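Here is protein.csv, consisting of CSV, C-alpha atoms:
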chain,number,residue,atom,x,y,z
M,265,MET,CA,-1.6,-59.0,53.8
M,266,ALA,CA,1.7,-57.8,52.4
M,267,MET,CA,2.5,-54.5,50.8
M,268,SER,CA,4.9,-53.6,48.1
M,269,TYR,CA,5.7,-50.2,46.4
M,270,LEU,CA,6.6,-49.4,42.9
M,271,ARG,CA,7.9,-45.9,41.8
M,272,VAL,CA,6.9,-44.9,38.3
M,273,PRO,CA,6.9,-41.8,36.1
M,274,PRO,CA,3.5,-40.1,36.1
M,275,VAL,CA,3.1,-40.9,32.3
M,276,LEU,CA,3.9,-44.4,31.2
M,277,GLU,CA,3.7,-45.6,27.6
M,278,GLY,CA,1.8,-42.4,26.7
M,279,GLU,CA,-0.8,-43.2,29.4
M,280,ARG,CA,-1.7,-40.6,32.1
M,281,ASP,CA,-4.6,-42.3,33.9
M,282,PRO,CA,-3.3,-44.0,37.1
M,283,ALA,CA,-5.9,-46.8,36.8
M,284,ALA,CA,-4.8,-47.6,33.2
M,285,ILE,CA,-1.1,-47.4,34.3
M,286,ALA,CA,-1.9,-49.8,37.1
M,287,ARG,CA,-3.3,-52.3,34.6
M,288,LEU,CA,-0.1,-51.9,32.5
M,289,LEU,CA,2.1,-52.4,35.5
M,290,PHE,CA,0.4,-55.1,37.4
M,291,GLY,CA,-1.5,-57.0,34.7
M,292,ALA,CA,1.2,-59.7,34.7
M,293,ALA,CA,2.1,-61.9,37.6
M,294,ASP,CA,5.8,-61.2,37.1
M,295,TRP,CA,5.6,-57.4,37.5
M,296,ARG,CA,8.4,-57.3,40.0
M,297,ARG,CA,10.8,-59.0,37.6
M,298,LYS,CA,9.9,-56.5,34.8
M,299,ASN,CA,10.9,-53.5,36.9
M,300,PRO,CA,14.3,-52.4,38.1
M,301,ALA,CA,15.0,-53.6,41.6
M,302,ALA,CA,15.6,-50.0,42.8
M,303,SER,CA,12.1,-49.1,41.8
M,304,VAL,CA,10.4,-51.8,44.0
M,305,LEU,CA,10.2,-51.8,47.8
M,306,ASP,CA,8.7,-54.8,49.6
M,307,LEU,CA,7.5,-54.2,53.2
M,308,GLY,CA,5.8,-57.5,53.5
M,309,GLY,CA,3.6,-57.7,56.6
M,310,THR,CA,5.3,-54.9,58.5
M,311,TRP,CA,3.4,-52.2,56.6
M,312,GLN,CA,0.7,-51.6,59.2
M,313,ALA,CA,3.2,-51.5,62.1
M,314,LEU,CA,5.2,-48.9,60.2
M,315,HIS,CA,2.0,-46.9,59.6
M,316,TYR,CA,1.2,-47.1,63.3
M,317,LEU,CA,4.7,-45.8,64.2
M,318,ILE,CA,4.5,-43.0,61.6
M,319,THR,CA,1.0,-41.8,62.4
M,320,GLY,CA,0.1,-43.2,65.9
M,321,ASP,CA,-3.0,-45.0,64.3
M,322,PRO,CA,-3.4,-48.3,62.6
M,323,TRP,CA,-5.3,-46.9,59.6
M,324,ASP,CA,-5.7,-43.1,59.7
M,325,GLY,CA,-3.6,-40.0,60.2
M,326,ARG,CA,-3.0,-36.7,58.6
M,327,PRO,CA,-1.1,-36.2,55.4
M,328,PRO,CA,1.8,-36.2,54.7
M,329,GLU,CA,2.7,-38.8,57.3
M,330,SER,CA,-0.4,-40.9,56.5
M,331,ASP,CA,0.5,-40.9,52.8
M,332,VAL,CA,3.7,-42.9,53.5
M,333,VAL,CA,1.8,-46.2,54.0
M,334,CYS,CA,-2.0,-46.1,53.8
M,335,GLY,CA,-2.6,-42.8,52.0
M,336,GLY,CA,-3.4,-42.3,48.4
M,337,ARG,CA,-6.2,-43.2,46.0
M,338,LEU,CA,-7.5,-46.7,45.9
M,339,LEU,CA,-7.6,-47.7,42.3
M,340,THR,CA,-9.3,-51.1,42.9
M,341,GLU,CA,-12.6,-50.1,44.5
M,342,ASP,CA,-14.1,-53.5,43.9
M,343,GLY,CA,-11.1,-55.3,45.4
M,344,ALA,CA,-8.5,-57.1,43.6
M,345,ALA,CA,-10.6,-59.1,41.0
M,346,GLU,CA,-8.9,-57.8,37.8
M,347,LEU,CA,-5.3,-57.5,39.0
M,348,GLY,CA,-5.2,-60.0,41.9
M,349,MET,CA,-4.3,-57.2,44.3
M,350,ASP,CA,-5.4,-53.9,45.7
M,351,VAL,CA,-3.6,-50.9,44.2
M,352,ILE,CA,-3.2,-47.5,45.9
M,353,TYR,CA,-1.9,-44.6,43.9
M,354,LEU,CA,0.1,-41.7,45.4
M,355,ALA,CA,0.5,-38.8,43.0
M,356,PRO,CA,3.9,-37.1,42.6
M,357,ASP,CA,2.6,-33.9,44.3
M,358,ARG,CA,1.9,-36.0,47.4
M,359,VAL,CA,5.1,-38.0,47.2
M,360,LYS,CA,7.3,-35.0,47.9
M,361,PRO,CA,5.7,-33.9,51.1
M,362,ALA,CA,5.7,-37.5,52.4
M,363,ALA,CA,9.4,-37.8,51.4
M,364,ASP,CA,10.1,-34.5,53.2
M,365,HIS,CA,8.3,-35.7,56.3
M,366,LEU,CA,10.3,-38.9,56.4
M,367,ALA,CA,13.6,-37.0,55.9
M,368,SER,CA,12.8,-34.7,58.8
M,369,THR,CA,11.6,-37.4,61.2
M,370,PRO,CA,14.3,-39.6,62.5
M,371,TYR,CA,13.3,-43.1,63.5
M,372,GLY,CA,14.3,-42.3,67.1
M,373,ASP,CA,11.4,-39.8,67.2
M,374,LEU,CA,8.9,-42.7,66.5
M,375,ALA,CA,10.5,-45.4,68.6
M,376,ASP,CA,8.5,-44.5,71.7
M,377,ARG,CA,5.3,-45.7,69.8
M,378,TYR,CA,6.8,-49.1,69.4
M,379,ASP,CA,4.7,-51.0,71.9
M,380,ARG,CA,3.6,-54.4,70.7
M,381,ALA,CA,0.8,-54.7,73.3
M,382,ALA,CA,-0.6,-51.3,72.3
M,383,MET,CA,-0.3,-52.1,68.6
M,384,ALA,CA,-2.0,-55.5,69.1
M,385,ALA,CA,-4.8,-53.8,71.0
M,386,ALA,CA,-5.2,-51.3,68.2
M,387,GLY,CA,-5.5,-54.2,65.7
M,388,VAL,CA,-2.2,-53.8,64.0
M,389,GLN,CA,-1.5,-56.9,61.8
M,390,ASP,CA,1.0,-59.3,63.3
M,391,ALA,CA,1.9,-57.0,66.2
M,392,ASP,CA,2.3,-60.0,68.5
M,393,ALA,CA,4.9,-61.5,66.1
M,394,LEU,CA,7.1,-58.3,66.0
M,395,LYS,CA,10.5,-58.5,67.7
M,396,PRO,CA,10.6,-56.9,71.1
M,397,GLU,CA,13.3,-54.4,70.1
M,398,PRO,CA,12.0,-51.0,68.8
M,399,GLN,CA,14.9,-50.9,66.4
M,400,SER,CA,13.7,-53.9,64.5
M,401,LEU,CA,11.6,-51.7,62.2
M,402,ARG,CA,14.3,-49.2,61.6
M,403,PRO,CA,15.7,-50.8,58.4
M,404,ALA,CA,12.2,-50.8,56.8
M,405,TYR,CA,11.6,-47.2,57.9
M,406,ASP,CA,15.0,-46.1,56.5
M,407,GLY,CA,14.2,-47.9,53.3
M,408,LEU,CA,10.9,-46.1,53.0
M,409,GLY,CA,12.8,-42.8,53.4
M,410,ARG,CA,15.3,-43.6,50.6
M,411,PHE,CA,12.5,-44.9,48.4
M,412,PHE,CA,10.3,-41.8,48.8
M,413,GLN,CA,13.3,-39.5,48.4
M,414,ALA,CA,14.3,-41.2,45.1
M,415,ALA,CA,10.7,-41.0,43.8
M,416,SER,CA,10.5,-37.3,44.9
M,417,ASP,CA,13.8,-36.5,43.2
M,418,GLU,CA,12.6,-38.0,40.0
M,419,GLY,CA,9.1,-36.6,40.1
M,420,GLN,CA,7.6,-40.1,40.2
M,421,ALA,CA,4.3,-41.5,41.4
M,422,ILE,CA,4.2,-44.4,43.8
M,423,TYR,CA,1.9,-47.4,43.4
M,424,LYS,CA,1.3,-49.5,46.6
M,425,VAL,CA,0.0,-53.0,46.1
M,426,MET,CA,-1.6,-55.1,48.8
M,427,THR,CA,-1.6,-58.9,48.3
M,428,ASP,CA,-2.3,-61.9,50.3
M,429,ARG,CA,0.8,-63.4,51.7
M,430,ALA,CA,2.0,-66.5,50.0

Could you take the file, read its structure, and then write that structure out as structure tokens?
Amino acid sequence: MAMSYLRVPPVLEGERDPAAIARLLFGAADWRRKNPAASVLDLGGTWQALHYLITGDPWDGRPPESDVVCGGRLLTEDGAAELGMDVIYLAPDRVKPAADHLASTPYGDLADRYDRAAMAAAGVQDADALKPEPQSLRPAYDGLGRFFQAASDEGQAIYKVMTDRA
């Protein structure tokens, strides 16, 4: 599975319902091309390793740190049948605390959790394929921090999409 993020105003085309907004946003296969590059962040397959570094767990954790990757409201309860992907919605009031958490947590504070064997044992996707250096996920972590800060500054929601890898 691969994860991408899209930051969006909380009201889009007069619509306030996150599920309806998700259909507007992701109803077309070329949704990435239709949105400004600065509003899209692709984590690819590193999403779960990042969640593990941030929370210490492959799936769970406490907000606000858990909201960065896995947290939010799943809008596609029945799976990805309609949109071809799972969509998770993170409301603006949850974006700001997550952004603040990222801003106050330097990557160096998380690097001790970078243990490929422990991540693999915990079931983290592709842990065995990660580079041996803990700093290999730093660019993705720093990108998350900038992305969340921009969304927070603009009062935006974040939509996370999970797709099968091509």

(request) Find the distance between atom CA of Trp311 of chain M and atom CA of Arg402 of chain M and write it in Å to one decimal. (result)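 About the pair atom CA of Trp311 of chain M and atom CA of Arg402 of chain M: they are 12.4 Å apart.
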
Leaving out Leu289 of chain M and any residue of its chain fewer than 5 positions from it, which residues lie within 9 Å of it when counting all atoms listed in the file, given as a short mmCIF file (atom, residue, chain, number, x, y, z; two decimals) with C-alpha atoms, in the frame of the given file?
data_model
loop_
_atom_site.label_atom_id
_atom_site.label_comp_id
_atom_site.auth_asym_id
_atom_site.auth_seq_id
_atom_site.Cartn_x
_atom_site.Cartn_y
_atom_site.Cartn_z
CA ALA M 284 -4.80 -47.60 33.20
CA TRP M 295 5.60 -57.40 37.50
CA LYS M 298 9.90 -56.50 34.80
CA ASN M 299 10.90 -53.50 36.90
#

(request) Just the residues within 9 Å of Val333 of chain M, please, counting all atoms listed in the file, with nothing from its chain fewer than 5 positions along; format it as a list in words. (result)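 Here the answer would be Met267, Trp311, Gln312, Leu314, His315, Ile318 and Lys424 of chain M.
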
(message) From the options M:Pro403, M:Gly308, M:Ala384, M:Asp373, which residue's atoms come nearest to Asp321 of chain M, counting all atoms listed in the file?
(response) M:Ala384

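Distances from M:Met265, M:Pro327, M:Gln420, M:Phe290 to Ala355 of chain M were compared using all atoms listed in the file, and the smallest one belongs to M:Gln420.
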
(message) Please determine, counting all atoms listed in the file, which residue among M:Val275, M:Leu366, M:Ala302, M:Val359 has the shortest atom-to-atom distance to Tyr405 of chain M.
(response) M:Leu366

(message) If I take atom CA of Ala313 of chain M and atom CA of Ala293 of chain M, how far is one from the other in Å, to one decimal?
(response) 26.6 Å

Neighbourhood query: residues within 10 Å of (12.2, -46.0, 50.4), file coordinates, counting only C-alpha atoms; return as a compact mmCIF listing (two decimals) with C-alpha atoms, in the frame of the given file.
# COMPACT_ATOMS: atom_id res chain seq x y z
CA TYR M 269 5.70 -50.20 46.40
CA LEU M 270 6.60 -49.40 42.90
CA ARG M 271 7.90 -45.90 41.80
CA ALA M 302 15.60 -50.00 42.80
CA SER M 303 12.10 -49.10 41.80
CA VAL M 304 10.40 -51.80 44.00
CA LEU M 305 10.20 -51.80 47.80
CA ASP M 306 8.70 -54.80 49.60
CA LEU M 307 7.50 -54.20 53.20
CA VAL M 332 3.70 -42.90 53.50
CA ALA M 363 9.40 -37.80 51.40
CA LEU M 366 10.30 -38.90 56.40
CA PRO M 403 15.70 -50.80 58.40
CA ALA M 404 12.20 -50.80 56.80
CA TYR M 405 11.60 -47.20 57.90
CA ASP M 406 15.00 -46.10 56.50
CA GLY M 407 14.20 -47.90 53.30
CA LEU M 408 10.90 -46.10 53.00
CA GLY M 409 12.80 -42.80 53.40
CA ARG M 410 15.30 -43.60 50.60
CA PHE M 411 12.50 -44.90 48.40
CA PHE M 412 10.30 -41.80 48.80
CA GLN M 413 13.30 -39.50 48.40
CA ALA M 414 14.30 -41.20 45.10
CA ALA M 415 10.70 -41.00 43.80

(message) Can you measure atom CA of Ala292 of chain M to atom CA of Trp323 of chain M for me? One decimal in Å is fine.
(response)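 Result for atom CA of Ala292 of chain M versus atom CA of Trp323 of chain M: 28.7 Å, one decimal.
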
(request) For each of M:Arg380, M:Arg296, M:Arg280, M:Arg337, take the minimum atom-to-atom distance to Ile352 of chain M, counting only C-alpha atoms, then give the residue where this is smallest. (result)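 Going through M:Arg380, M:Arg296, M:Arg280, M:Arg337 one by one, the smallest distance to Ile352 of chain M is for M:Arg337.
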
(request) For Ile285 of chain M, work out the shell of residues within 10 Å, counting only C-alpha atoms and skipping chain neighbours fewer than 4 positions away, then give it as an NGL selection string. (result) :M and (272-281 or 289-291 or 423)

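Taking only C-alpha atoms into account, Ala421 of chain M lies nearest to M:Ala286 out of the set M:Ala367, M:Ala266, M:Ala286, M:Ala301.
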
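Considering all atoms listed in the file, the residue among M:Arg297, M:Pro361, M:Leu347, M:Thr340 positioned nearest to Gly419 of chain M is M:Pro361.
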
(message) Residues within 6 Å of Val425 of chain M, please, as a PyMOL selection string. Count all atoms listed in the file; anything in the same chain fewer than 3 positions from it doesn't count.
(response) chain M and resi 267-268+350-351

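Once Ala381 of chain M and its same-chain neighbours fewer than 4 positions away are set aside, Ala385, Ala391 and Asp392 of chain M remain within 8 Å of it when counting only C-alpha atoms.
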